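Engineer: The structure that follows is given in the form of structure tokens.
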Amino acid sequence: MDWTHARWLLKRMDWSMVIAVVLLLGIGVAFVYSASYRGDDLPVPSFYRRQMVWALLGVAVFILFVLVDYRRLRAAAGWLYGMSLVLLVLVLLVGKKVYGAYRWLSVFGVQVQPSEFAKLALIVMLARFLGRPGRDLRHPLTTLRALVLLALPFALIVKEPDLGTAVVMVPMTVLMLFVAGTPLRHLALLGLVGVLLLPVGWLGMDEYQKERVRVFMNPGRDPLGAGWNKIQSEIAVGSGKLWGKGYLEGKQNVLGFLPRTVAPTDFVYSVIAEEKGFVGSAVLLLLYAVVLAAGIRASVEARDRAGRLMAMGVTGLLFSQVFVNIAMTIGLLPITGLPLPLISYGGSSMLTTLAGLGLTQGVYARRYSL
Amino acid sequence: MAIRDLLDEAQWRARVALWIMLAAFGVLLVALWQMQVARGATYQAGLERQSVRRVRLPGIRGRLFDRAGRCVADNRSGYTISLYLEDLRRPGRWSNTIVHVEAVLDDLARRLERPRQVTTEEIRNHIRFRLPLPMPVWRDVDETALARLAEQGLGMSAVEISAEAVREYPFGAAACHVLGYCGRADPPTEEQAFHFYIPELVGRAGMEKRYDEALRGRAGGQLLLVDVSGFRFKDLGTQRPTTGRDLLLSLDMQAQQLLDRVLADHVGAGVIVDPATGDVLAMTSSPGFDPNRFTPVLPVDEWRRISGDERRPLMNRAISATYSPGSTFKPVVALAALASGRAGVHTSFSCPGYYNLGRARFACWYPSGHGTVDLRTAIEKSCNVYFFQLALQCGLDPIREAAAALGLGRATGIELEAEYAGLVPSDAWKRRTFNDAWRDGDTCNLAIGQGFLAVTPLQMALLTAALANGGTLHAPRLVLGSRAPGEESFERLPPSAAVPVNLPPSAIRFVRGAMRDVVMSPGGTGRLAQIPNVVAAGKTGTAEYGKKGEGLKLGWMIAFAPYDAPRYAVALVLEEADTGGRTTAPVMKEILRGLFEQVPPARG
């Protein structure tokens, strides 16, 4: 690829998304700092510096995924998908146990989360499968095969266990099926089966996961244990009121009521909501809406079905993660260990998200092109 | 199928996808609005509830001093060891936790080398009603025990040590009924409860109670921001507590200790006042109690012992007991007779040892009879028969008037609780109470200070003082002044009210002289109270009390000295005495000797 072509591609990106993403990254670093702030006289842990590094690396990955032709990824989909499955098996065998779950793999001293990689691989794989010219989407077998593609990484990730990550892959897949053109009655049937399978899912859940659901139904059940994060997060969000308490003024994380282990990661949104209030919370939603709209536009304007489905898959995944994370923060959904994309502290999520978004812009930049 | 159709199809579906996403965000926005704007204040309150602590800092109690500036009620710090029972919580039923707490207590008891102070029942109650608050398990532990505990390492976060003010009375039980005692105040019932409430001392009796408002400092408060572990994060604001005023009392602790010591083996009361001012120099009621035991908390068994004691150690006999004055009332009758003109100093009656009134026979204490005696001799020898006749000749009303002029029959207004007004009976009173007219027999009883007449030792001391100073009745005074915290000198209060006694000075002079003979003359009933080098005057008295036939007698003596320029007026009454002259006069002698030989004149 020559430099002229690269510049041409970058110029054709959807800059509304780029600006929104950069703002979100900046907000992320600022609030990872705030979430680990413990008062004037104590040093702030260096999470925010590492987050800055991840953000810069992420931007590089973003550009890389814009420049690499998504059609080459499509060609390699089988390899990527297979590799992700291998990594998921590996993590179960030699993974590092953190908080009772095998989610991390140590590669040359860097902790990576294969489940993050698997999400992208699944998107590419499904896009290739559903987007292949001549694929008959009206045939029930097509839908079933797509579901098998989902089921393999899903089962492995549930096994880790990382229910949150596994669960967001479901709406993502359904959305891709929907946009690909699967008949609505297939999807309706799928929904029905899903509801009928819920009790089976309940029985298959670990005790701690069941407890989280029970606590979600009744937070007073164990206010000092499993219900603690939910209650404290809601207090943080609610007490932010309209305008918030101001940057670094959030009491819930400074005083440690919002546990320090989750404030910069899964519960960073409650720090933002406390310090910036409803206005700040809404601005954040608006920025995500801009990114999502740009992702949908990329999907709509894609030159081929694979590109359209990739863009839609990434957008659906981003949406699911943002929605589940915020809904959990404000008590609308049970607690799951799911980061807020682009904001929460953590490298794997950051790089995967930006890779995915780069992918959508790669699709968008190549619209109507030769 | 044309590619075009597919595209159209896809675009329609993509737009639906976008709308679904935006609708979901809409749901989030509505939920956020609900939480942050509509119900934000509720969550704010929740945040404050868990992170803001109101701490009450108790006011520091003012101190009490005697007239020479000796501190008689002081504060010191006692240490309280408390346990946070929540931190000791064991899984399962609360009884598991109680067992664990008891194990911890036993271990602490071993390390402190101090017996356990709380019972299982108290632990259960604390868990039930006051779980978030620390439970005090050892009160008033001294530094040695703390050091012992620290040496071996506390080893647990559930233990807290806090300082608590303890009231200390350096003179022990001396003047306990005057000083009173303190207890822990009830928790304040303010709108916002305090999270940490350090109990304050409140006066429960005596001066401590009467002047509680002045002595008590104003409590301060502190708002603390605490972190999730309950540690202090930031001081949001502090209002320092203030110290109460110090009081300067009229008591002279040397005289007081003397009086206490002399009365220690008796049941009775004694009061020493300064005849020139009405200052109460000493006031003792025996038996007494040690007010030091009351703070921080009086042990239950000790409370049972004190409140169950038939001799009622908490009662201040000097002002609350109802006593017949016996023959110490005779000077009043003499004054009444002289003042009313119904008799003169030379009026004589004959005493065969008894007096017949109708069919009733009233006996003299001296069965052989005093023969013919005049007023002076009658007082000196305390002849009952003389006073029967004198009183009958004088009549009830002049006696009542003289008694009232000398302060009997009404409360003296001393700054103490539960003062008894005493009783000077009248015809109307007797009709009201017994539906019966006043009879001569009643007058005869009154003449020798028996029957319905009732006085307090304090009234008798002030009466004695009025005779001593030649006719001025002072209101008693316990407080000379007070000072604000930090000030060096006391603000003096004006002298106590003094009214001239409405009796002829010549009559008073005469009675004073007769009272000198009571003590100084070889035949005087109070001669056993004589001390070397000081001329004293006084009057003894014996009065029956209790049920008839029990033979219980009060031994009275009132005295003042020196005769020419009196410095002390003393009233003394002992229960279960033989007679005033035989039982009480020797005690009075000890007091007078002590006052003149050991107590330097302290004018306060």
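Just so we're on the same page: first chain in the structure tokens is A, next is B, and so on; residues restart at 1 for each chain, and ligands are numbered from 1 in the order they show up.
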What are the residues of chain B that have an atom within 9 Å of an atom of chain A, counting only C-alpha atoms, as a ChimeraX atom specification?
Structural biologist: /B:6-7,9-15,17-18,21-22,24-25,28-29,31-47,50-51,225-229,233
Engineer: For Ala497 (chain B), find every residue with an atom within 12 Å (counting only C-alpha atoms), except residues of its own chain fewer than 5 positions away, and show them as a tab-separated table (two decimals) with N, CA and C atoms, in the first residue's frame.
Structural biologist:
```tsv
chain	number	residue	atom	x	y	z
B	276	ALA	N	-21.45	35.34	111.61
B	276	ALA	CA	-21.40	36.69	111.08
B	276	ALA	C	-21.99	36.78	109.68
B	277	THR	N	-22.01	35.67	108.97
B	277	THR	CA	-22.40	35.74	107.56
B	277	THR	C	-23.48	34.74	107.16
B	278	GLY	N	-23.67	33.71	107.94
B	278	GLY	CA	-24.57	32.64	107.51
B	278	GLY	C	-23.90	31.65	106.58
B	279	ASP	N	-22.60	31.83	106.34
B	279	ASP	CA	-21.87	30.88	105.51
B	279	ASP	C	-21.90	29.50	106.16
B	412	THR	N	-35.12	27.25	104.93
B	412	THR	CA	-34.11	28.31	105.00
B	412	THR	C	-33.74	28.81	103.61
B	413	GLY	N	-34.09	28.03	102.60
B	413	GLY	CA	-33.75	28.42	101.24
B	413	GLY	C	-32.33	28.09	100.86
B	414	ILE	N	-31.73	27.16	101.55
B	414	ILE	CA	-30.37	26.75	101.18
B	414	ILE	C	-30.39	26.14	99.78
B	472	THR	N	-29.23	38.65	114.54
B	472	THR	CA	-29.41	38.76	113.09
B	472	THR	C	-29.55	37.36	112.51
B	473	LEU	N	-30.70	37.15	111.84
B	473	LEU	CA	-30.92	35.84	111.24
B	473	LEU	C	-30.44	35.87	109.79
B	474	HIS	N	-29.44	35.04	109.50
B	474	HIS	CA	-28.90	34.99	108.14
B	474	HIS	C	-29.56	33.87	107.36
B	475	ALA	N	-29.71	34.12	106.08
B	475	ALA	CA	-30.04	33.00	105.18
B	475	ALA	C	-28.74	32.22	105.00
B	476	PRO	N	-28.84	30.92	104.91
B	476	PRO	CA	-27.61	30.14	104.78
B	476	PRO	C	-26.99	30.37	103.41
B	477	ARG	N	-25.68	30.24	103.34
B	477	ARG	CA	-25.02	30.48	102.06
B	477	ARG	C	-24.03	29.35	101.79
```
Engineer: Measuring between only C-alpha atoms, which one of A:Tyr48, A:Val268, A:Glu207, A:Phe154 shows the shortest distance to Pro341 (chain A)?
Structural biologist: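 Selected residue with least distance to Pro341 (chain A): A:Val268.
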Engineer: Please return, as number ranges by chain, all residues of region 143-329 of chain B that DSSP assigns to alpha helix (DSSP H) on the basis of the backbone.
Structural biologist: B: 143-151, 176-179, 206-210, 212-215, 253-263, 300-308, 317-320
Engineer: If we count only C-alpha atoms, what is near Arg74 (chain A) at a cut-off of 12 Å, once residues fewer than 6 positions away on the same chain are taken out, given as a list in words?
Structural biologist: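 Final neighbour list, sorted by chain and number: Val68, Leu80, Tyr81, Leu120, Ala121, Leu122, Ile123, Val124, Met125, Leu126, Ala127, Arg128, Phe129, Leu130, Gly131, Arg132, Asp304, Arg305, Ala306, Gly307, Arg308, Leu309, Met310, Leu359 and Val363 of chain A.
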Engineer: Skipping near chain neighbours, those fewer than 4 positions away, what residues fall within 10 Å of Val573 (chain B) using only C-alpha atoms, listed as a list of chain:residue names?
Structural biologist: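 Skipping anything fewer than 4 positions along the chain leaves B:Leu263, B:His266, B:Val267, B:Gly268, B:Ala269, B:Gly270, B:Val271, B:Ser285, B:Arg317, B:Ala318, B:Tyr323, B:Pro325, B:Thr456, B:Pro457, B:Met460, B:Thr540, B:Gly541, B:Thr542, B:Leu554, B:Gly555, B:Trp556, B:Met557, B:Ile558, B:Ala577, B:Gly580, B:Thr583, B:Thr584, B:Val587, B:Met588.
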Engineer: Pick out the residues sitting within 8 Å of Phe47 (chain A), and hand them over as a PyMOL selection string; count only C-alpha atoms, and ignore anything fewer than 6 positions along from it in its own chain.
Structural biologist: chain A and resi 32-33+36+345
Engineer: Using Å and a single decimal, report how far CA of Arg304 (chain B) sits from CA of Ala165 (chain B).
Structural biologist: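 Here the two named atoms are 24.3 Å from each other.
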Engineer: Return the single residue from B:Val141, B:Met315, B:Cys351, B:Leu480 that is closest to Thr284 (chain B), with distances computed using only C-alpha atoms.
Structural biologist: B:Met315
Engineer: Give me the residues within 8 Å of Ser344 (chain A) as a PyMOL selection string, counting only C-alpha atoms and dropping any in the same chain fewer than 5 places off.
Structural biologist: chain A and resi 28+32+264-268+339
Engineer: I want to know what sits within 9 Å of His139 (chain A), based on only C-alpha atoms, with residues of the same chain fewer than 3 positions away left out; could you give that as an MDAnalysis selection string?
Structural biologist: chainID A and resid 135:136 142:143 182:183
Engineer: Go ahead and write the residues just picked, N, CA, C and O atoms, as a PDB file, in the first residue's frame.
Structural biologist:
```pdb
ATOM      1  N   ARG A 135     -25.476 -16.824  -0.566  1.00  0.00           N
ATOM      2  CA  ARG A 135     -25.936 -17.480   0.659  1.00  0.00           C
ATOM      3  C   ARG A 135     -27.447 -17.301   0.780  1.00  0.00           C
ATOM      4  O   ARG A 135     -27.947 -16.174   0.711  1.00  0.00           O
ATOM      5  N   ASP A 136     -28.122 -18.390   0.970  1.00  0.00           N
ATOM      6  CA  ASP A 136     -29.579 -18.294   1.091  1.00  0.00           C
ATOM      7  C   ASP A 136     -29.967 -18.092   2.548  1.00  0.00           C
ATOM      8  O   ASP A 136     -29.972 -19.023   3.344  1.00  0.00           O
ATOM      9  N   THR A 142     -29.008 -21.930   7.426  1.00  0.00           N
ATOM     10  CA  THR A 142     -28.052 -20.814   7.461  1.00  0.00           C
ATOM     11  C   THR A 142     -28.050 -20.193   8.853  1.00  0.00           C
ATOM     12  O   THR A 142     -26.996 -19.971   9.462  1.00  0.00           O
ATOM     13  N   THR A 143     -29.235 -19.931   9.342  1.00  0.00           N
ATOM     14  CA  THR A 143     -29.330 -19.345  10.684  1.00  0.00           C
ATOM     15  C   THR A 143     -28.730 -20.284  11.726  1.00  0.00           C
ATOM     16  O   THR A 143     -27.964 -19.856  12.605  1.00  0.00           O
ATOM     17  N   THR A 182     -32.013 -12.220   7.531  1.00  0.00           N
ATOM     18  CA  THR A 182     -32.683 -13.416   8.024  1.00  0.00           C
ATOM     19  C   THR A 182     -34.177 -13.122   8.195  1.00  0.00           C
ATOM     20  O   THR A 182     -34.523 -12.059   8.721  1.00  0.00           O
ATOM     21  N   PRO A 183     -35.041 -14.033   7.747  1.00  0.00           N
ATOM     22  CA  PRO A 183     -36.481 -13.784   7.891  1.00  0.00           C
ATOM     23  C   PRO A 183     -36.842 -13.529   9.354  1.00  0.00           C
ATOM     24  O   PRO A 183     -36.278 -14.153  10.264  1.00  0.00           O
TER      25      PRO A 183
END
```
Engineer: Which is closest to Trp202 (chain A) among A:Val44, A:Leu163, A:Leu187, A:Leu93, if we use only C-alpha atoms?
Structural biologist: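 Between A:Val44, A:Leu163, A:Leu187, A:Leu93, the residue approaching Trp202 (chain A) most closely is A:Leu163.
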Engineer: One decimal, in Å: what's the spacing between CA of Ser489 (chain B) and CA of Ala68 (chain B)?
Structural biologist: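 Those two atoms sit 12.6 Å apart.
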Engineer: Any idea what the distance is between CA of Val159 (chain B) and CA of Trp94 (chain B)?
Structural biologist: 19.2 Å
Engineer: So, with only C-alpha atoms as the atoms that count, which of B:Gln239, B:Ser307, B:Thr525, B:Ser162 lies closest to Lys381 (chain B)?
Structural biologist: B:Thr525
Engineer: Using only C-alpha atoms, which residue out of A:Met172, A:Gly194, A:Leu338, A:Asp40 lies closest to Lys234 (chain B)?
Structural biologist: A:Asp40
Engineer: DSSP on the backbone: which residues in region 409-489 of chain B end up as strand (DSSP E or B)? Give the answer as a ChimeraX atom specification.
Structural biologist: /B:423,454-455,472-474,477,479-483
Engineer: Those residues with N, CA and C atoms, as an mmCIF file, in the first residue's frame please?
Structural biologist:
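Result saved to part.cif:
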```cif
data_model
loop_
_atom_site.group_PDB
_atom_site.id
_atom_site.type_symbol
_atom_site.label_atom_id
_atom_site.label_comp_id
_atom_site.auth_asym_id
_atom_site.auth_seq_id
_atom_site.Cartn_x
_atom_site.Cartn_y
_atom_site.Cartn_z
ATOM 1 N N LEU B 423 -41.806 22.260 111.251
ATOM 2 C CA LEU B 423 -43.186 22.574 111.633
ATOM 3 C C LEU B 423 -43.208 23.244 112.989
ATOM 4 N N ALA B 454 -41.144 20.366 114.771
ATOM 5 C CA ALA B 454 -40.111 19.672 113.991
ATOM 6 C C ALA B 454 -39.162 20.690 113.380
ATOM 7 N N VAL B 455 -37.891 20.378 113.445
ATOM 8 C CA VAL B 455 -36.868 21.301 112.931
ATOM 9 C C VAL B 455 -35.817 20.490 112.171
ATOM 10 N N THR B 472 -29.231 38.645 114.536
ATOM 11 C CA THR B 472 -29.406 38.758 113.088
ATOM 12 C C THR B 472 -29.551 37.357 112.510
ATOM 13 N N LEU B 473 -30.696 37.150 111.838
ATOM 14 C CA LEU B 473 -30.919 35.837 111.240
ATOM 15 C C LEU B 473 -30.443 35.870 109.792
ATOM 16 N N HIS B 474 -29.442 35.042 109.504
ATOM 17 C CA HIS B 474 -28.904 34.990 108.138
ATOM 18 C C HIS B 474 -29.562 33.866 107.363
ATOM 19 N N ARG B 477 -25.682 30.242 103.335
ATOM 20 C CA ARG B 477 -25.019 30.483 102.059
ATOM 21 C C ARG B 477 -24.033 29.350 101.793
ATOM 22 N N VAL B 479 -22.674 29.172 98.313
ATOM 23 C CA VAL B 479 -21.845 29.595 97.181
ATOM 24 C C VAL B 479 -21.382 31.020 97.420
ATOM 25 N N LEU B 480 -20.065 31.201 97.421
ATOM 26 C CA LEU B 480 -19.526 32.546 97.622
ATOM 27 C C LEU B 480 -19.355 33.265 96.296
ATOM 28 N N GLY B 481 -19.114 32.515 95.258
ATOM 29 C CA GLY B 481 -18.884 33.166 93.971
ATOM 30 C C GLY B 481 -18.635 32.141 92.902
ATOM 31 N N SER B 482 -18.421 32.630 91.707
ATOM 32 C CA SER B 482 -18.141 31.724 90.598
ATOM 33 C C SER B 482 -17.207 32.439 89.637
ATOM 34 N N ARG B 483 -16.590 31.671 88.766
ATOM 35 C CA ARG B 483 -15.728 32.306 87.778
ATOM 36 C C ARG B 483 -15.870 31.591 86.448
#
```
Engineer: I'd like to know which of B:Ser426, B:Ser368, B:Thr97, B:Ser506 is closest to Tyr84 (chain B), using only C-alpha atoms.
Structural biologist: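 Counting only C-alpha atoms, the residue closest to Tyr84 (chain B) is B:Thr97.
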